[in-house]
Amino acid sequence: MKKSTRSSVEWSVIRCEPGNEAALMNELLDRLTLHRLESRIEEFFIPSERTTVIRGGRKSSREKTLGLLLVKGQLDEQTSRCMSETPGVLKLLREEEGDRLLKEFSDEKPRVRIEWAPSRKRSR
C-alpha cells in the first residue's frame with residue numbers, strides 16, 4: 001500500500017448539496033472525532049455570496065451558498081478517505097481548487113442582479 005507524502009497544511013474543497021453545508025460540516029466533525037483524526041483539521045469555511053436583486057423597484061439582498069465546503073488541514077490518505085466516505089459528500093476536490101476558491105471569496109465583491117418586469121396595475 002502506497003502512503004501519501006502530503007503532510008503540509010492545505011485547503012481542499014468538498015462538493016455537497018447546496019444548503020447542506022453546515023450539516024455536512026457537523027457530520028464531518030463527528031466522523032473525524034470518531035476516527036480520532038480531528039487534530040489534523042484546522043478550519044472549515046463555507047463560502048457564500050451575497051446577491052442584491054432589484055425587482056419591481058424594490059431592492060433585496062440574500063446570502064446564497066454554493067454547495068462547497070472548504071477544509072484546511074493535513075489531508076493524508078486516512079483523513080481524505082474518512083471525509084470522502086461521509087454521507088453527503090459528493091466529491092473531494094484537489095487543493096489547488098481550494099486555494100483558488102478561498103482567494104476568490106476573500107476578495108468579496110457585491111454582485112448586483114437587476115430584473116426588469118412590467119409593473120402590475122391594480123384594476124378598480
# chains A, B, ... in the order shown; residues from 1 in each chain; ligands from 1

call {"tool": "closest_atom_pairs", "arguments": {"of": "range 66-97 of chain A", "to": "range 43-59 of chain A", "cutoff": "12 Å", "atoms": "only C-alpha atoms", "output": "tab-separated table"}}
result
residue	atom	partner	partner_atom	distance
A:Leu66	CA	A:Ser48	CA	6.1
A:Gly67	CA	A:Pro47	CA	8.5
A:Leu68	CA	A:Ile46	CA	6.5
A:Leu69	CA	A:Ile46	CA	5.0
A:Leu70	CA	A:Phe45	CA	5.0
A:Val71	CA	A:Phe44	CA	4.7
A:Lys72	CA	A:Glu43	CA	5.1
A:Gly73	CA	A:Glu43	CA	7.0
A:Gln74	CA	A:Glu43	CA	10.7

call {"tool": "residues_around", "arguments": {"residues": "Glu27 in chain A", "least_positions_apart": "2", "cutoff": "12 Å", "atoms": "only C-alpha atoms", "output": "tab-separated table (two decimals) with N, CA and C atoms, in the first residue's frame"}}
result
chain	number	residue	atom	x	y	z
A	20	ASN	N	-26.82	22.32	2.46
A	20	ASN	CA	-26.49	21.31	3.46
A	20	ASN	C	-25.07	21.43	4.00
A	21	GLU	N	-24.42	22.54	3.74
A	21	GLU	CA	-23.01	22.69	4.11
A	21	GLU	C	-22.79	22.62	5.62
A	22	ALA	N	-23.63	23.31	6.40
A	22	ALA	CA	-23.44	23.33	7.86
A	22	ALA	C	-23.68	21.94	8.45
A	23	ALA	N	-24.72	21.25	7.99
A	23	ALA	CA	-24.99	19.90	8.49
A	23	ALA	C	-23.85	18.95	8.12
A	24	LEU	N	-23.32	19.09	6.91
A	24	LEU	CA	-22.21	18.24	6.49
A	24	LEU	C	-20.96	18.53	7.32
A	25	MET	N	-20.72	19.80	7.63
A	25	MET	CA	-19.57	20.16	8.45
A	25	MET	C	-19.68	19.49	9.82
A	29	LEU	N	-17.15	16.62	11.34
A	29	LEU	CA	-16.50	16.75	12.65
A	29	LEU	C	-16.77	15.52	13.52
A	30	ASP	N	-18.00	15.02	13.49
A	30	ASP	CA	-18.34	13.82	14.27
A	30	ASP	C	-17.54	12.60	13.78
A	31	ARG	N	-17.48	12.42	12.47
A	31	ARG	CA	-16.75	11.26	11.92
A	31	ARG	C	-15.25	11.36	12.18
A	32	LEU	N	-14.69	12.56	12.02
A	32	LEU	CA	-13.26	12.74	12.27
A	32	LEU	C	-12.94	12.50	13.74
A	33	THR	N	-13.83	12.92	14.64
A	33	THR	CA	-13.64	12.68	16.07
A	33	THR	C	-13.73	11.19	16.37
A	34	LEU	N	-14.69	10.52	15.74
A	34	LEU	CA	-14.87	9.08	15.94
A	34	LEU	C	-13.61	8.30	15.53
A	82	CYS	N	-11.71	9.13	5.09
A	82	CYS	CA	-12.76	9.35	6.09
A	82	CYS	C	-13.75	10.41	5.61
A	83	MET	N	-13.25	11.50	5.05
A	83	MET	CA	-14.12	12.57	4.59
A	83	MET	C	-14.90	12.17	3.34
A	84	SER	N	-14.26	11.50	2.40
A	84	SER	CA	-14.96	11.16	1.15
A	84	SER	C	-16.02	10.08	1.36
A	85	GLU	N	-15.91	9.28	2.44
A	85	GLU	CA	-16.90	8.25	2.73
A	85	GLU	C	-18.06	8.77	3.57
A	86	THR	N	-18.02	10.04	3.95
A	86	THR	CA	-19.09	10.63	4.76
A	86	THR	C	-20.32	10.85	3.89
A	87	PRO	N	-21.51	10.42	4.35
A	87	PRO	CA	-22.73	10.66	3.58
A	87	PRO	C	-22.95	12.16	3.37
A	88	GLY	N	-23.27	12.54	2.15
A	88	GLY	CA	-23.48	13.95	1.82
A	88	GLY	C	-22.33	14.55	1.03
A	89	VAL	N	-21.17	13.90	1.07
A	89	VAL	CA	-20.02	14.38	0.29
A	89	VAL	C	-20.18	13.87	-1.13

call {"tool": "select_by_dssp", "arguments": {"residues": "range 10-80 of chain A", "states": "alpha helix (DSSP H)", "output": "PDB file with C-alpha atoms, in the first residue's frame"}}
result
ATOM      1  CA  GLU A  21     -23.011  22.686   4.108  1.00  0.00           C
ATOM      2  CA  ALA A  22     -23.443  23.330   7.858  1.00  0.00           C
ATOM      3  CA  ALA A  23     -24.990  19.898   8.490  1.00  0.00           C
ATOM      4  CA  LEU A  24     -22.207  18.239   6.491  1.00  0.00           C
ATOM      5  CA  MET A  25     -19.574  20.161   8.452  1.00  0.00           C
ATOM      6  CA  ASN A  26     -21.048  18.837  11.720  1.00  0.00           C
ATOM      7  CA  GLU A  27     -21.205  15.306  10.306  1.00  0.00           C
ATOM      8  CA  LEU A  28     -17.553  15.531   9.203  1.00  0.00           C
ATOM      9  CA  LEU A  29     -16.500  16.748  12.651  1.00  0.00           C
ATOM     10  CA  ASP A  30     -18.336  13.821  14.268  1.00  0.00           C
ATOM     11  CA  ARG A  31     -16.751  11.262  11.916  1.00  0.00           C
ATOM     12  CA  LEU A  32     -13.261  12.740  12.269  1.00  0.00           C
ATOM     13  CA  THR A  33     -13.636  12.678  16.066  1.00  0.00           C
ATOM     14  CA  LEU A  34     -14.871   9.079  15.939  1.00  0.00           C
ATOM     15  CA  GLU A  77      -4.813   9.255   2.781  1.00  0.00           C
ATOM     16  CA  GLN A  78      -6.619   8.334   6.010  1.00  0.00           C
ATOM     17  CA  THR A  79      -8.255  11.748   6.500  1.00  0.00           C
ATOM     18  CA  SER A  80      -9.261  12.017   2.838  1.00  0.00           C
TER      19      SER A  80
END

call {"tool": "atom_distance", "arguments": {"atom1": "CA of Arg15 in chain A", "atom2": "CA of Lys91 in chain A"}}
result
5.0 Å

call {"tool": "atom_distance", "arguments": {"atom1": "CA of Pro18 in chain A", "atom2": "CA of Arg40 in chain A"}}
result
25.5 Å

call {"tool": "atom_distance", "arguments": {"atom1": "CA of Ile14 in chain A", "atom2": "CA of Arg36 in chain A"}}
result
20.0 Å

call {"tool": "select_by_dssp", "arguments": {"residues": "range 3-63 of chain A", "states": "strand (DSSP E or B)", "output": "number ranges by chain"}}
result
A: 10-16, 41-45, 48-55, 58-63

call {"tool": "write_last_selection", "arguments": {"atoms": "N, CA and C atoms", "output": "PDB file, in the first residue's frame"}}
result
ATOM      1  N   GLU A  10      -3.076  22.403   4.006  1.00  0.00           N
ATOM      2  CA  GLU A  10      -3.560  22.902   2.723  1.00  0.00           C
ATOM      3  C   GLU A  10      -5.078  22.999   2.749  1.00  0.00           C
ATOM      4  N   TRP A  11      -5.622  23.760   1.805  1.00  0.00           N
ATOM      5  CA  TRP A  11      -7.065  23.891   1.661  1.00  0.00           C
ATOM      6  C   TRP A  11      -7.539  22.898   0.606  1.00  0.00           C
ATOM      7  N   SER A  12      -8.602  22.191   0.907  1.00  0.00           N
ATOM      8  CA  SER A  12      -9.244  21.303  -0.056  1.00  0.00           C
ATOM      9  C   SER A  12     -10.724  21.640  -0.104  1.00  0.00           C
ATOM     10  N   VAL A  13     -11.377  21.202  -1.166  1.00  0.00           N
ATOM     11  CA  VAL A  13     -12.782  21.533  -1.381  1.00  0.00           C
ATOM     12  C   VAL A  13     -13.617  20.260  -1.358  1.00  0.00           C
ATOM     13  N   ILE A  14     -14.734  20.333  -0.643  1.00  0.00           N
ATOM     14  CA  ILE A  14     -15.705  19.247  -0.641  1.00  0.00           C
ATOM     15  C   ILE A  14     -16.951  19.768  -1.333  1.00  0.00           C
ATOM     16  N   ARG A  15     -17.406  19.048  -2.332  1.00  0.00           N
ATOM     17  CA  ARG A  15     -18.634  19.404  -3.040  1.00  0.00           C
ATOM     18  C   ARG A  15     -19.782  18.669  -2.371  1.00  0.00           C
ATOM     19  N   CYS A  16     -20.878  19.407  -2.093  1.00  0.00           N
ATOM     20  CA  CYS A  16     -22.044  18.823  -1.442  1.00  0.00           C
ATOM     21  C   CYS A  16     -23.315  19.485  -1.978  1.00  0.00           C
ATOM     22  N   ILE A  41      -7.375  18.516  11.227  1.00  0.00           N
ATOM     23  CA  ILE A  41      -8.164  19.559  10.561  1.00  0.00           C
ATOM     24  C   ILE A  41      -8.123  20.822  11.406  1.00  0.00           C
ATOM     25  N   GLU A  42      -7.761  21.938  10.775  1.00  0.00           N
ATOM     26  CA  GLU A  42      -7.655  23.199  11.485  1.00  0.00           C
ATOM     27  C   GLU A  42      -8.908  24.059  11.361  1.00  0.00           C
ATOM     28  N   GLU A  43      -9.515  24.063  10.175  1.00  0.00           N
ATOM     29  CA  GLU A  43     -10.590  25.027   9.940  1.00  0.00           C
ATOM     30  C   GLU A  43     -11.523  24.555   8.829  1.00  0.00           C
ATOM     31  N   PHE A  44     -12.797  24.920   8.969  1.00  0.00           N
ATOM     32  CA  PHE A  44     -13.794  24.731   7.916  1.00  0.00           C
ATOM     33  C   PHE A  44     -14.260  26.114   7.482  1.00  0.00           C
ATOM     34  N   PHE A  45     -14.589  26.254   6.214  1.00  0.00           N
ATOM     35  CA  PHE A  45     -15.089  27.528   5.694  1.00  0.00           C
ATOM     36  C   PHE A  45     -16.200  27.236   4.687  1.00  0.00           C
ATOM     37  N   SER A  48     -20.012  31.648   0.572  1.00  0.00           N
ATOM     38  CA  SER A  48     -21.347  32.067   0.150  1.00  0.00           C
ATOM     39  C   SER A  48     -21.191  33.388  -0.583  1.00  0.00           C
ATOM     40  N   GLU A  49     -22.213  33.738  -1.318  1.00  0.00           N
ATOM     41  CA  GLU A  49     -22.167  35.025  -1.999  1.00  0.00           C
ATOM     42  C   GLU A  49     -23.442  35.788  -1.700  1.00  0.00           C
ATOM     43  N   ARG A  50     -23.267  37.072  -1.474  1.00  0.00           N
ATOM     44  CA  ARG A  50     -24.397  37.953  -1.220  1.00  0.00           C
ATOM     45  C   ARG A  50     -24.798  38.579  -2.539  1.00  0.00           C
ATOM     46  N   THR A  51     -26.055  38.402  -2.891  1.00  0.00           N
ATOM     47  CA  THR A  51     -26.553  39.000  -4.129  1.00  0.00           C
ATOM     48  C   THR A  51     -27.636  40.011  -3.782  1.00  0.00           C
ATOM     49  N   THR A  52     -27.656  41.076  -4.548  1.00  0.00           N
ATOM     50  CA  THR A  52     -28.678  42.101  -4.399  1.00  0.00           C
ATOM     51  C   THR A  52     -29.546  42.062  -5.635  1.00  0.00           C
ATOM     52  N   VAL A  53     -30.836  41.936  -5.420  1.00  0.00           N
ATOM     53  CA  VAL A  53     -31.784  41.847  -6.526  1.00  0.00           C
ATOM     54  C   VAL A  53     -32.704  43.058  -6.472  1.00  0.00           C
ATOM     55  N   ILE A  54     -32.866  43.721  -7.611  1.00  0.00           N
ATOM     56  CA  ILE A  54     -33.821  44.812  -7.713  1.00  0.00           C
ATOM     57  C   ILE A  54     -34.946  44.313  -8.592  1.00  0.00           C
ATOM     58  N   ARG A  55     -36.099  44.128  -7.976  1.00  0.00           N
ATOM     59  CA  ARG A  55     -37.243  43.582  -8.689  1.00  0.00           C
ATOM     60  C   ARG A  55     -38.458  44.449  -8.373  1.00  0.00           C
ATOM     61  N   ARG A  58     -38.004  47.340  -5.925  1.00  0.00           N
ATOM     62  CA  ARG A  58     -37.616  47.014  -4.552  1.00  0.00           C
ATOM     63  C   ARG A  58     -36.278  46.280  -4.549  1.00  0.00           C
ATOM     64  N   LYS A  59     -35.466  46.668  -3.609  1.00  0.00           N
ATOM     65  CA  LYS A  59     -34.128  46.096  -3.511  1.00  0.00           C
ATOM     66  C   LYS A  59     -34.105  45.093  -2.359  1.00  0.00           C
ATOM     67  N   SER A  60     -33.610  43.923  -2.635  1.00  0.00           N
ATOM     68  CA  SER A  60     -33.460  42.927  -1.568  1.00  0.00           C
ATOM     69  C   SER A  60     -32.130  42.210  -1.754  1.00  0.00           C
ATOM     70  N   SER A  61     -31.530  41.838  -0.624  1.00  0.00           N
ATOM     71  CA  SER A  61     -30.295  41.077  -0.724  1.00  0.00           C
ATOM     72  C   SER A  61     -30.445  39.774   0.031  1.00  0.00           C
ATOM     73  N   ARG A  62     -29.704  38.794  -0.445  1.00  0.00           N
ATOM     74  CA  ARG A  62     -29.746  37.490   0.192  1.00  0.00           C
ATOM     75  C   ARG A  62     -28.397  36.817   0.085  1.00  0.00           C
ATOM     76  N   GLU A  63     -28.177  35.924   1.010  1.00  0.00           N
ATOM     77  CA  GLU A  63     -26.944  35.142   1.063  1.00  0.00           C
ATOM     78  C   GLU A  63     -27.239  33.793   0.419  1.00  0.00           C
TER      79      GLU A  63
END
